[in-house]
$ cat protein.txt   # compact mmCIF, N, CA and C atoms
# COMPACT_ATOMS: atom_id res chain seq x y z
N MET A 1 6.37 -9.20 38.87
CA MET A 1 5.59 -9.96 37.92
C MET A 1 6.40 -11.21 37.55
N ASN A 2 5.75 -12.35 37.58
CA ASN A 2 6.51 -13.57 37.29
C ASN A 2 6.73 -13.76 35.79
N GLN A 3 7.68 -14.61 35.46
CA GLN A 3 8.11 -14.81 34.07
C GLN A 3 6.99 -15.34 33.17
N ASP A 4 6.12 -16.20 33.70
CA ASP A 4 5.01 -16.74 32.89
C ASP A 4 4.04 -15.64 32.48
N ILE A 5 3.75 -14.73 33.39
CA ILE A 5 2.84 -13.63 33.07
C ILE A 5 3.50 -12.69 32.05
N LYS A 6 4.79 -12.42 32.25
CA LYS A 6 5.51 -11.57 31.29
C LYS A 6 5.47 -12.19 29.90
N ARG A 7 5.76 -13.46 29.82
CA ARG A 7 5.77 -14.17 28.53
C ARG A 7 4.37 -14.12 27.89
N GLU A 8 3.34 -14.29 28.71
CA GLU A 8 1.96 -14.26 28.20
C GLU A 8 1.61 -12.89 27.63
N ILE A 9 2.01 -11.83 28.31
CA ILE A 9 1.74 -10.47 27.83
C ILE A 9 2.48 -10.21 26.52
N ILE A 10 3.75 -10.60 26.46
CA ILE A 10 4.54 -10.41 25.24
C ILE A 10 3.92 -11.17 24.08
N MET A 11 3.55 -12.42 24.30
CA MET A 11 2.98 -13.23 23.22
C MET A 11 1.60 -12.72 22.78
N ASP A 12 0.82 -12.19 23.74
CA ASP A 12 -0.48 -11.63 23.37
C ASP A 12 -0.31 -10.41 22.48
N HIS A 13 0.63 -9.53 22.84
CA HIS A 13 0.86 -8.33 22.01
C HIS A 13 1.52 -8.67 20.68
N TYR A 14 2.25 -9.78 20.63
CA TYR A 14 2.84 -10.23 19.37
C TYR A 14 1.77 -10.84 18.46
N SER A 15 0.93 -11.69 19.04
CA SER A 15 -0.11 -12.38 18.25
C SER A 15 -1.27 -11.47 17.88
N ASN A 16 -1.57 -10.51 18.75
CA ASN A 16 -2.70 -9.59 18.55
C ASN A 16 -2.25 -8.16 18.78
N PRO A 17 -1.33 -7.66 17.97
CA PRO A 17 -0.79 -6.32 18.21
C PRO A 17 -1.85 -5.23 18.03
N LYS A 18 -1.72 -4.22 18.85
CA LYS A 18 -2.62 -3.06 18.79
C LYS A 18 -2.23 -2.17 17.61
N ASN A 19 -3.21 -1.74 16.86
CA ASN A 19 -3.04 -0.73 15.81
C ASN A 19 -2.07 -1.13 14.71
N ARG A 20 -2.06 -2.40 14.35
CA ARG A 20 -1.18 -2.84 13.27
C ARG A 20 -1.93 -2.71 11.94
N VAL A 21 -1.81 -1.54 11.35
CA VAL A 21 -2.40 -1.24 10.04
C VAL A 21 -1.51 -0.21 9.35
N ARG A 22 -1.51 -0.25 8.06
CA ARG A 22 -0.78 0.76 7.27
C ARG A 22 -1.78 1.88 6.96
N THR A 23 -1.30 3.09 6.91
CA THR A 23 -2.16 4.21 6.55
C THR A 23 -1.45 5.10 5.55
N GLU A 24 -2.21 5.71 4.70
CA GLU A 24 -1.68 6.69 3.76
C GLU A 24 -2.24 8.08 4.10
N ASP A 25 -2.87 8.19 5.25
CA ASP A 25 -3.46 9.45 5.70
C ASP A 25 -2.36 10.51 5.86
N PRO A 26 -2.46 11.63 5.16
CA PRO A 26 -1.42 12.66 5.23
C PRO A 26 -1.32 13.35 6.60
N ASP A 27 -2.29 13.13 7.48
CA ASP A 27 -2.24 13.71 8.82
C ASP A 27 -1.27 12.96 9.73
N TYR A 28 -0.76 11.83 9.27
CA TYR A 28 0.17 11.02 10.06
C TYR A 28 1.60 11.30 9.61
N ILE A 29 2.50 11.35 10.57
CA ILE A 29 3.93 11.44 10.30
C ILE A 29 4.44 10.01 10.19
N LYS A 30 5.05 9.68 9.08
CA LYS A 30 5.56 8.33 8.88
C LYS A 30 7.06 8.29 9.12
N PHE A 31 7.51 7.27 9.82
CA PHE A 31 8.94 7.05 9.97
C PHE A 31 9.20 5.55 9.97
N ASN A 32 10.41 5.20 9.58
CA ASN A 32 10.82 3.81 9.55
C ASN A 32 11.85 3.59 10.63
N THR A 33 11.78 2.44 11.26
CA THR A 33 12.78 2.06 12.24
C THR A 33 13.14 0.61 11.96
N ASN A 34 14.44 0.34 11.91
CA ASN A 34 14.85 -1.02 11.58
C ASN A 34 16.14 -1.39 12.29
N ASN A 35 16.39 -2.66 12.31
CA ASN A 35 17.59 -3.20 12.92
C ASN A 35 18.40 -3.85 11.79
N SER A 36 19.54 -3.29 11.49
CA SER A 36 20.33 -3.77 10.36
C SER A 36 20.88 -5.19 10.56
N SER A 37 20.85 -5.69 11.78
CA SER A 37 21.40 -7.03 12.04
C SER A 37 20.34 -8.13 12.04
N CYS A 38 19.08 -7.78 11.73
CA CYS A 38 18.03 -8.81 11.68
C CYS A 38 16.89 -8.33 10.76
N ILE A 39 15.76 -9.00 10.80
CA ILE A 39 14.64 -8.66 9.91
C ILE A 39 13.79 -7.50 10.39
N ASP A 40 13.99 -7.03 11.60
CA ASP A 40 13.11 -6.00 12.16
C ASP A 40 13.11 -4.75 11.28
N ASN A 41 11.93 -4.43 10.74
CA ASN A 41 11.77 -3.29 9.85
C ASN A 41 10.32 -2.83 9.96
N LEU A 42 10.11 -1.74 10.70
CA LEU A 42 8.76 -1.27 10.97
C LEU A 42 8.54 0.14 10.43
N ASP A 43 7.39 0.35 9.82
CA ASP A 43 6.92 1.69 9.48
C ASP A 43 5.93 2.07 10.57
N ILE A 44 6.17 3.20 11.21
CA ILE A 44 5.29 3.67 12.27
C ILE A 44 4.74 5.02 11.85
N TYR A 45 3.47 5.21 12.10
CA TYR A 45 2.76 6.43 11.71
C TYR A 45 2.17 7.04 12.97
N VAL A 46 2.44 8.31 13.19
CA VAL A 46 1.93 8.99 14.38
C VAL A 46 1.15 10.23 13.97
N LYS A 47 0.01 10.41 14.59
CA LYS A 47 -0.84 11.57 14.32
C LYS A 47 -0.82 12.46 15.56
N ILE A 48 -0.38 13.70 15.37
CA ILE A 48 -0.25 14.65 16.47
C ILE A 48 -1.12 15.86 16.16
N LYS A 49 -1.86 16.30 17.15
CA LYS A 49 -2.67 17.51 17.01
C LYS A 49 -2.57 18.29 18.32
N ASP A 50 -2.23 19.56 18.22
CA ASP A 50 -2.09 20.41 19.40
C ASP A 50 -1.14 19.81 20.42
N ASP A 51 -0.03 19.25 19.95
CA ASP A 51 1.01 18.64 20.77
C ASP A 51 0.54 17.42 21.56
N ILE A 52 -0.54 16.80 21.13
CA ILE A 52 -1.05 15.58 21.77
C ILE A 52 -1.04 14.47 20.73
N ILE A 53 -0.53 13.31 21.13
CA ILE A 53 -0.52 12.16 20.24
C ILE A 53 -1.95 11.61 20.14
N GLN A 54 -2.54 11.79 18.98
CA GLN A 54 -3.92 11.37 18.75
C GLN A 54 -4.01 9.88 18.41
N ASP A 55 -3.01 9.40 17.66
CA ASP A 55 -3.06 8.01 17.21
C ASP A 55 -1.67 7.57 16.78
N ILE A 56 -1.44 6.27 16.86
CA ILE A 56 -0.21 5.66 16.35
C ILE A 56 -0.62 4.32 15.74
N VAL A 57 -0.14 4.06 14.54
CA VAL A 57 -0.34 2.77 13.90
C VAL A 57 1.00 2.32 13.33
N PHE A 58 1.10 1.03 13.02
CA PHE A 58 2.36 0.53 12.47
C PHE A 58 2.12 -0.65 11.56
N ASP A 59 3.14 -0.95 10.76
CA ASP A 59 3.12 -2.10 9.87
C ASP A 59 4.56 -2.51 9.64
N GLY A 60 4.76 -3.73 9.23
CA GLY A 60 6.09 -4.19 8.92
C GLY A 60 6.34 -5.58 9.45
N GLU A 61 7.59 -5.97 9.37
CA GLU A 61 8.01 -7.30 9.78
C GLU A 61 9.04 -7.18 10.89
N ALA A 62 8.87 -7.98 11.95
CA ALA A 62 9.81 -7.93 13.05
C ALA A 62 9.61 -9.14 13.96
N CYS A 63 10.54 -9.30 14.88
CA CYS A 63 10.46 -10.42 15.83
C CYS A 63 9.39 -10.16 16.90
N ALA A 64 9.15 -11.17 17.71
CA ALA A 64 8.14 -11.09 18.77
C ALA A 64 8.42 -9.94 19.74
N ILE A 65 9.68 -9.72 20.07
CA ILE A 65 10.00 -8.65 21.02
C ILE A 65 9.71 -7.28 20.41
N SER A 66 10.13 -7.05 19.18
CA SER A 66 9.89 -5.74 18.54
C SER A 66 8.41 -5.47 18.31
N ILE A 67 7.68 -6.47 17.83
CA ILE A 67 6.24 -6.29 17.59
C ILE A 67 5.51 -6.03 18.90
N SER A 68 5.78 -6.86 19.91
CA SER A 68 5.08 -6.68 21.19
C SER A 68 5.47 -5.37 21.85
N SER A 69 6.74 -4.98 21.75
CA SER A 69 7.18 -3.72 22.32
C SER A 69 6.49 -2.54 21.64
N THR A 70 6.33 -2.62 20.33
CA THR A 70 5.63 -1.57 19.57
C THR A 70 4.18 -1.48 20.01
N SER A 71 3.51 -2.61 20.11
CA SER A 71 2.11 -2.65 20.51
C SER A 71 1.91 -2.06 21.91
N ILE A 72 2.77 -2.47 22.84
CA ILE A 72 2.67 -1.94 24.21
C ILE A 72 2.98 -0.45 24.23
N MET A 73 3.99 -0.03 23.49
CA MET A 73 4.34 1.39 23.42
C MET A 73 3.15 2.22 22.94
N ILE A 74 2.50 1.73 21.89
CA ILE A 74 1.35 2.45 21.32
C ILE A 74 0.27 2.67 22.37
N THR A 75 -0.05 1.62 23.12
CA THR A 75 -1.12 1.75 24.13
C THR A 75 -0.74 2.75 25.22
N ASN A 76 0.55 2.92 25.45
CA ASN A 76 0.99 3.84 26.49
C ASN A 76 1.19 5.28 26.01
N LEU A 77 1.33 5.49 24.71
CA LEU A 77 1.62 6.84 24.22
C LEU A 77 0.41 7.59 23.67
N ILE A 78 -0.59 6.87 23.16
CA ILE A 78 -1.76 7.56 22.62
C ILE A 78 -2.44 8.37 23.73
N GLY A 79 -2.68 9.64 23.42
CA GLY A 79 -3.32 10.54 24.37
C GLY A 79 -2.35 11.38 25.19
N LYS A 80 -1.07 11.08 25.11
CA LYS A 80 -0.06 11.84 25.86
C LYS A 80 0.38 13.07 25.07
N THR A 81 0.81 14.09 25.80
CA THR A 81 1.45 15.22 25.14
C THR A 81 2.82 14.75 24.66
N ILE A 82 3.43 15.51 23.79
CA ILE A 82 4.75 15.15 23.30
C ILE A 82 5.75 15.08 24.46
N ASP A 83 5.69 16.05 25.36
CA ASP A 83 6.62 16.05 26.49
C ASP A 83 6.40 14.85 27.40
N ALA A 84 5.15 14.50 27.67
CA ALA A 84 4.86 13.33 28.51
C ALA A 84 5.31 12.05 27.81
N ALA A 85 5.15 11.99 26.50
CA ALA A 85 5.60 10.82 25.74
C ALA A 85 7.12 10.70 25.80
N LEU A 86 7.82 11.81 25.65
CA LEU A 86 9.28 11.78 25.73
C LEU A 86 9.76 11.37 27.12
N GLN A 87 9.03 11.78 28.14
CA GLN A 87 9.36 11.37 29.51
C GLN A 87 9.14 9.86 29.68
N TYR A 88 8.04 9.35 29.14
CA TYR A 88 7.76 7.92 29.19
C TYR A 88 8.87 7.13 28.46
N ILE A 89 9.26 7.61 27.28
CA ILE A 89 10.30 6.95 26.49
C ILE A 89 11.62 6.94 27.27
N ALA A 90 11.99 8.07 27.87
CA ALA A 90 13.22 8.14 28.66
C ALA A 90 13.18 7.16 29.83
N ASN A 91 12.02 7.01 30.43
CA ASN A 91 11.86 6.08 31.54
C ASN A 91 12.03 4.63 31.06
N PHE A 92 11.45 4.31 29.90
CA PHE A 92 11.60 2.97 29.33
C PHE A 92 13.07 2.70 29.01
N GLU A 93 13.73 3.68 28.38
CA GLU A 93 15.14 3.52 28.04
C GLU A 93 15.99 3.30 29.30
N ALA A 94 15.67 4.02 30.37
CA ALA A 94 16.40 3.85 31.62
C ALA A 94 16.25 2.43 32.14
N MET A 95 15.05 1.89 32.06
CA MET A 95 14.83 0.51 32.50
C MET A 95 15.68 -0.46 31.67
N ILE A 96 15.64 -0.31 30.36
CA ILE A 96 16.38 -1.21 29.48
C ILE A 96 17.88 -1.12 29.73
N GLU A 97 18.35 0.07 30.06
CA GLU A 97 19.78 0.29 30.28
C GLU A 97 20.19 0.09 31.75
N GLU A 98 19.29 -0.49 32.55
CA GLU A 98 19.55 -0.81 33.96
C GLU A 98 19.86 0.42 34.81
N LYS A 99 19.17 1.51 34.52
CA LYS A 99 19.30 2.73 35.31
C LYS A 99 18.04 2.87 36.16
N THR A 100 17.99 3.88 37.00
CA THR A 100 16.83 4.13 37.84
C THR A 100 15.64 4.53 36.97
N TYR A 101 14.48 3.92 37.26
CA TYR A 101 13.27 4.22 36.49
C TYR A 101 12.04 4.09 37.38
N ASP A 102 10.93 4.64 36.90
CA ASP A 102 9.65 4.59 37.62
C ASP A 102 8.84 3.42 37.07
N GLU A 103 8.79 2.35 37.81
CA GLU A 103 8.12 1.12 37.38
C GLU A 103 6.63 1.36 37.09
N GLU A 104 5.97 2.15 37.93
CA GLU A 104 4.53 2.38 37.76
C GLU A 104 4.19 3.10 36.46
N MET A 105 5.09 3.95 36.00
CA MET A 105 4.84 4.71 34.77
C MET A 105 4.77 3.80 33.54
N LEU A 106 5.43 2.66 33.61
CA LEU A 106 5.60 1.81 32.43
C LEU A 106 4.41 0.92 32.09
N ASN A 107 3.52 0.69 33.03
CA ASN A 107 2.38 -0.20 32.80
C ASN A 107 2.89 -1.56 32.30
N GLU A 108 2.31 -2.08 31.22
CA GLU A 108 2.70 -3.40 30.72
C GLU A 108 4.13 -3.46 30.20
N ALA A 109 4.73 -2.34 29.88
CA ALA A 109 6.09 -2.33 29.36
C ALA A 109 7.09 -2.86 30.40
N ILE A 110 6.66 -3.01 31.62
CA ILE A 110 7.51 -3.57 32.67
C ILE A 110 7.92 -5.00 32.34
N VAL A 111 7.21 -5.64 31.41
CA VAL A 111 7.57 -7.02 31.03
C VAL A 111 8.99 -7.11 30.48
N TYR A 112 9.57 -5.99 30.06
CA TYR A 112 10.92 -5.99 29.51
C TYR A 112 11.99 -5.64 30.54
N GLU A 113 11.64 -5.63 31.82
CA GLU A 113 12.58 -5.21 32.85
C GLU A 113 13.82 -6.10 32.94
N ASP A 114 13.73 -7.33 32.50
CA ASP A 114 14.88 -8.24 32.55
C ASP A 114 15.56 -8.44 31.20
N ILE A 115 15.16 -7.67 30.20
CA ILE A 115 15.68 -7.87 28.84
C ILE A 115 17.19 -7.62 28.77
N TYR A 116 17.72 -6.85 29.71
CA TYR A 116 19.16 -6.58 29.72
C TYR A 116 19.98 -7.87 29.85
N LYS A 117 19.36 -8.92 30.36
CA LYS A 117 20.05 -10.20 30.50
C LYS A 117 20.34 -10.84 29.14
N GLN A 118 19.63 -10.39 28.11
CA GLN A 118 19.86 -10.84 26.74
C GLN A 118 20.18 -9.59 25.92
N SER A 119 21.41 -9.17 25.96
CA SER A 119 21.77 -7.87 25.38
C SER A 119 21.37 -7.73 23.92
N ASN A 120 21.35 -8.82 23.16
CA ASN A 120 20.95 -8.72 21.76
C ASN A 120 19.46 -8.40 21.62
N ARG A 121 18.65 -8.64 22.65
CA ARG A 121 17.22 -8.34 22.61
C ARG A 121 16.89 -6.91 23.04
N LYS A 122 17.86 -6.23 23.65
CA LYS A 122 17.63 -4.84 24.06
C LYS A 122 17.29 -3.99 22.84
N THR A 123 18.01 -4.21 21.75
CA THR A 123 17.76 -3.45 20.52
C THR A 123 16.34 -3.70 20.03
N CYS A 124 15.88 -4.94 20.13
CA CYS A 124 14.53 -5.29 19.68
C CYS A 124 13.47 -4.54 20.49
N ALA A 125 13.63 -4.53 21.80
CA ALA A 125 12.67 -3.85 22.66
C ALA A 125 12.70 -2.34 22.47
N LEU A 126 13.88 -1.79 22.21
CA LEU A 126 14.04 -0.34 22.04
C LEU A 126 13.68 0.17 20.66
N LEU A 127 13.59 -0.72 19.68
CA LEU A 127 13.42 -0.31 18.28
C LEU A 127 12.29 0.70 18.07
N PRO A 128 11.06 0.43 18.49
CA PRO A 128 10.01 1.43 18.22
C PRO A 128 10.21 2.72 19.01
N TYR A 129 10.79 2.62 20.19
CA TYR A 129 11.01 3.80 21.03
C TYR A 129 12.06 4.72 20.40
N THR A 130 13.10 4.13 19.83
CA THR A 130 14.13 4.92 19.17
C THR A 130 13.54 5.70 18.01
N GLY A 131 12.70 5.03 17.22
CA GLY A 131 12.09 5.68 16.07
C GLY A 131 11.12 6.78 16.44
N ILE A 132 10.24 6.49 17.39
CA ILE A 132 9.23 7.51 17.73
C ILE A 132 9.85 8.68 18.47
N LYS A 133 10.89 8.41 19.24
CA LYS A 133 11.58 9.51 19.94
C LYS A 133 12.14 10.49 18.92
N LYS A 134 12.80 9.98 17.89
CA LYS A 134 13.34 10.85 16.85
C LYS A 134 12.22 11.62 16.15
N ALA A 135 11.12 10.94 15.83
CA ALA A 135 9.99 11.60 15.16
C ALA A 135 9.40 12.70 16.03
N LEU A 136 9.25 12.44 17.32
CA LEU A 136 8.67 13.44 18.23
C LEU A 136 9.61 14.63 18.41
N LEU A 137 10.90 14.36 18.51
CA LEU A 137 11.86 15.47 18.64
C LEU A 137 11.91 16.29 17.36
N ASP A 138 11.85 15.63 16.20
CA ASP A 138 11.82 16.36 14.92
C ASP A 138 10.56 17.22 14.84
N TYR A 139 9.42 16.66 15.24
CA TYR A 139 8.16 17.41 15.21
C TYR A 139 8.24 18.64 16.13
N LYS A 140 8.78 18.40 17.30
CA LYS A 140 8.86 19.47 18.31
C LYS A 140 9.75 20.61 17.84
N ASN A 141 10.81 20.27 17.09
CA ASN A 141 11.73 21.30 16.60
C ASN A 141 11.23 21.87 15.30

$ encode --input "protein.txt" --output "structure tokens"
Amino acid sequence: MNQDIKREIIMDHYSNPKNRVRTEDPDYIKFNTNNSSCIDNLDIYVKIKDDIIQDIVFDGEACAISISSTSIMITNLIGKTIDAALQYIANFEAMIEEKTYDEEMLNEAIVYEDIYKQSNRKTCALLPYTGIKKALLDYKN
């Protein structure tokens, strides 16, 4: 995928993020994920039923990379089982850390395949994944 298309996808998800709403619904598990070295501070809410992610929404303030990464993550995780979601997250983390990964599994998240070239942006792209991974593991246990 060329850089212009990657940039377009990132900016579209930043300008028009999926599921950016706050909820007080008690059926959602709320967690916060933030980056202490910048403004990135997101509240993410996940609804799980029968070990399947039914819905994910988020709210907060963050940079273009964190917002777009959250939006793309949401589109890829809704409808997955917890185990499939954790596998997807591990695959995304492998890509960010320059390890072997399955490109086809990532869908639009492949736009971050070169983010390792800007090491300070790796944290931004990983921010929602770090938070939801912890929430899913806590739920599972």

$ closest_residue --input "protein.txt" --among "A:Pro26, A:Ala125, A:Val46, A:Glu113" --to "Thr100 (chain A)" --atoms "only C-alpha atoms"
A:Glu113

$ select_by_dssp --input "protein.txt" --residues "region 13-113 of chain A" --states "alpha helix (DSSP H)" --output "PyMOL selection string"
chain A and resi 13-15+64-77+82-96+103-106

$ closest_residue --input "protein.txt" --among "A:Ser119, A:Asn107, A:Ser68, A:Gln87" --to "Tyr14 (chain A)" --atoms "only C-alpha atoms"
A:Ser68

$ closest_residue --input "protein.txt" --among "A:Tyr139, A:Ile10, A:Glu61, A:Arg22" --to "Asn41 (chain A)" --atoms "only N, CA and C atoms"
A:Glu61

$ atom_distance --input "protein.txt" --atom1 "atom C of Glu98 (chain A)" --atom2 "atom N of His13 (chain A)"
24.7 Å

$ atom_distance --input "protein.txt" --atom1 "atom C of Gly79 (chain A)" --atom2 "atom N of Ile132 (chain A)"
15.6 Å

$ closest_residue --input "protein.txt" --among "A:Asp51, A:Asp102, A:Asp59, A:Glu93" --to "Ile78 (chain A)" --atoms "only C-alpha atoms"
A:Asp51

$ atom_distance --input "protein.txt" --atom1 "CA of Asp25 (chain A)" --atom2 "CA of Ile56 (chain A)"
11.8 Å

$ select_by_dssp --input "protein.txt" --residues "chain A" --states "strand (DSSP E)" --output "number ranges by chain"
A: 28-34, 41-49, 52-61

$ closest_residue --input "protein.txt" --among "A:Met73, A:Cys63, A:Ile53, A:Val21" --to "Glu108 (chain A)" --atoms "all atoms listed in the file"
A:Met73

$ closest_residue --input "protein.txt" --among "A:Ile96, A:Met1, A:Ala62, A:Ile67" --to "Lys117 (chain A)" --atoms "only N, CA and C atoms"
A:Ile96

$ residues_around --input "protein.txt" --residues "Ile82 (chain A)" --least-positions-apart "6" --cutoff "12 Å" --atoms "only C-alpha atoms" --output "list in words"
Val46, Lys47, Ile48, Lys49, Asp50, Asp51, Ile52, Ile53, Gln54, Tyr88, Ile89, Ile132, Lys133, Lys134, Ala135, Leu136, Leu137, Asp138, Tyr139, Lys140 and Asn141 of chain A

$ closest_atom_pairs --input "protein.txt" --of "region 32-141 of chain A" --to "region 4-8 of chain A" --cutoff "9 Å" --atoms "only C-alpha atoms" --output "Markdown table"
| residue | atom | partner | partner_atom | distance |
| --- | --- | --- | --- | --- |
| A:Glu108 | CA | A:Lys6 | CA | 8.7 |
| A:Ile110 | CA | A:Lys6 | CA | 8.4 |
| A:Val111 | CA | A:Lys6 | CA | 5.0 |
| A:Tyr112 | CA | A:Lys6 | CA | 8.0 |

$ write_last_selection --input "protein.txt" --atoms "N, CA and C atoms" --output "PDB file, in the frame of the given file"
ATOM      1  N   GLU A 108       2.310  -2.080  31.220  1.00  0.00           N
ATOM      2  CA  GLU A 108       2.700  -3.400  30.720  1.00  0.00           C
ATOM      3  C   GLU A 108       4.130  -3.460  30.200  1.00  0.00           C
ATOM      4  N   ILE A 110       6.660  -3.010  31.620  1.00  0.00           N
ATOM      5  CA  ILE A 110       7.510  -3.570  32.670  1.00  0.00           C
ATOM      6  C   ILE A 110       7.920  -5.000  32.340  1.00  0.00           C
ATOM      7  N   VAL A 111       7.210  -5.640  31.410  1.00  0.00           N
ATOM      8  CA  VAL A 111       7.570  -7.020  31.030  1.00  0.00           C
ATOM      9  C   VAL A 111       8.990  -7.110  30.480  1.00  0.00           C
ATOM     10  N   TYR A 112       9.570  -5.990  30.060  1.00  0.00           N
ATOM     11  CA  TYR A 112      10.920  -5.990  29.510  1.00  0.00           C
ATOM     12  C   TYR A 112      11.990  -5.640  30.540  1.00  0.00           C
TER      13      TYR A 112
END

$ decode --input "protein.txt" --residues "region 118-136 of chain A" --atoms "N, CA and C atoms" --output "PDB file, in the first residue's frame"
ATOM      1  N   GLN A 118       9.287   5.735  13.202  1.00  0.00           N
ATOM      2  CA  GLN A 118       9.117   6.865  14.110  1.00  0.00           C
ATOM      3  C   GLN A 118       8.805   6.279  15.484  1.00  0.00           C
ATOM      4  N   SER A 119       9.833   5.899  16.194  1.00  0.00           N
ATOM      5  CA  SER A 119       9.636   5.142  17.434  1.00  0.00           C
ATOM      6  C   SER A 119       8.719   5.836  18.432  1.00  0.00           C
ATOM      7  N   ASN A 120       8.700   7.160  18.452  1.00  0.00           N
ATOM      8  CA  ASN A 120       7.813   7.861  19.381  1.00  0.00           C
ATOM      9  C   ASN A 120       6.340   7.673  19.009  1.00  0.00           C
ATOM     10  N   ARG A 121       6.035   7.306  17.769  1.00  0.00           N
ATOM     11  CA  ARG A 121       4.652   7.092  17.327  1.00  0.00           C
ATOM     12  C   ARG A 121       4.169   5.661  17.577  1.00  0.00           C
ATOM     13  N   LYS A 122       5.095   4.749  17.872  1.00  0.00           N
ATOM     14  CA  LYS A 122       4.701   3.373  18.161  1.00  0.00           C
ATOM     15  C   LYS A 122       3.750   3.339  19.351  1.00  0.00           C
ATOM     16  N   THR A 123       4.067   4.118  20.376  1.00  0.00           N
ATOM     17  CA  THR A 123       3.219   4.171  21.573  1.00  0.00           C
ATOM     18  C   THR A 123       1.823   4.664  21.207  1.00  0.00           C
ATOM     19  N   CYS A 124       1.744   5.634  20.315  1.00  0.00           N
ATOM     20  CA  CYS A 124       0.449   6.182  19.901  1.00  0.00           C
ATOM     21  C   CYS A 124      -0.401   5.116  19.208  1.00  0.00           C
ATOM     22  N   ALA A 125       0.207   4.378  18.297  1.00  0.00           N
ATOM     23  CA  ALA A 125      -0.521   3.339  17.569  1.00  0.00           C
ATOM     24  C   ALA A 125      -0.928   2.187  18.484  1.00  0.00           C
ATOM     25  N   LEU A 126      -0.082   1.875  19.463  1.00  0.00           N
ATOM     26  CA  LEU A 126      -0.346   0.759  20.380  1.00  0.00           C
ATOM     27  C   LEU A 126      -1.293   1.107  21.517  1.00  0.00           C
ATOM     28  N   LEU A 127      -1.505   2.386  21.770  1.00  0.00           N
ATOM     29  CA  LEU A 127      -2.256   2.820  22.952  1.00  0.00           C
ATOM     30  C   LEU A 127      -3.596   2.102  23.135  1.00  0.00           C
ATOM     31  N   PRO A 128      -4.490   2.097  22.157  1.00  0.00           N
ATOM     32  CA  PRO A 128      -5.775   1.420  22.400  1.00  0.00           C
ATOM     33  C   PRO A 128      -5.624  -0.093  22.541  1.00  0.00           C
ATOM     34  N   TYR A 129      -4.660  -0.667  21.846  1.00  0.00           N
ATOM     35  CA  TYR A 129      -4.446  -2.111  21.905  1.00  0.00           C
ATOM     36  C   TYR A 129      -3.948  -2.537  23.288  1.00  0.00           C
ATOM     37  N   THR A 130      -3.068  -1.737  23.867  1.00  0.00           N
ATOM     38  CA  THR A 130      -2.558  -2.029  25.203  1.00  0.00           C
ATOM     39  C   THR A 130      -3.697  -2.033  26.215  1.00  0.00           C
ATOM     40  N   GLY A 131      -4.571  -1.029  26.110  1.00  0.00           N
ATOM     41  CA  GLY A 131      -5.693  -0.933  27.043  1.00  0.00           C
ATOM     42  C   GLY A 131      -6.701  -2.051  26.888  1.00  0.00           C
ATOM     43  N   ILE A 132      -7.087  -2.332  25.657  1.00  0.00           N
ATOM     44  CA  ILE A 132      -8.128  -3.357  25.471  1.00  0.00           C
ATOM     45  C   ILE A 132      -7.582  -4.747  25.761  1.00  0.00           C
ATOM     46  N   LYS A 133      -6.302  -4.958  25.496  1.00  0.00           N
ATOM     47  CA  LYS A 133      -5.703  -6.257  25.816  1.00  0.00           C
ATOM     48  C   LYS A 133      -5.796  -6.514  27.315  1.00  0.00           C
ATOM     49  N   LYS A 134      -5.442  -5.522  28.118  1.00  0.00           N
ATOM     50  CA  LYS A 134      -5.533  -5.668  29.568  1.00  0.00           C
ATOM     51  C   LYS A 134      -6.980  -5.915  29.996  1.00  0.00           C
ATOM     52  N   ALA A 135      -7.922  -5.170  29.422  1.00  0.00           N
ATOM     53  CA  ALA A 135      -9.341  -5.339  29.774  1.00  0.00           C
ATOM     54  C   ALA A 135      -9.835  -6.736  29.409  1.00  0.00           C
ATOM     55  N   LEU A 136      -9.447  -7.239  28.244  1.00  0.00           N
ATOM     56  CA  LEU A 136      -9.885  -8.572  27.809  1.00  0.00           C
ATOM     57  C   LEU A 136      -9.267  -9.661  28.676  1.00  0.00           C
TER      58      LEU A 136
END
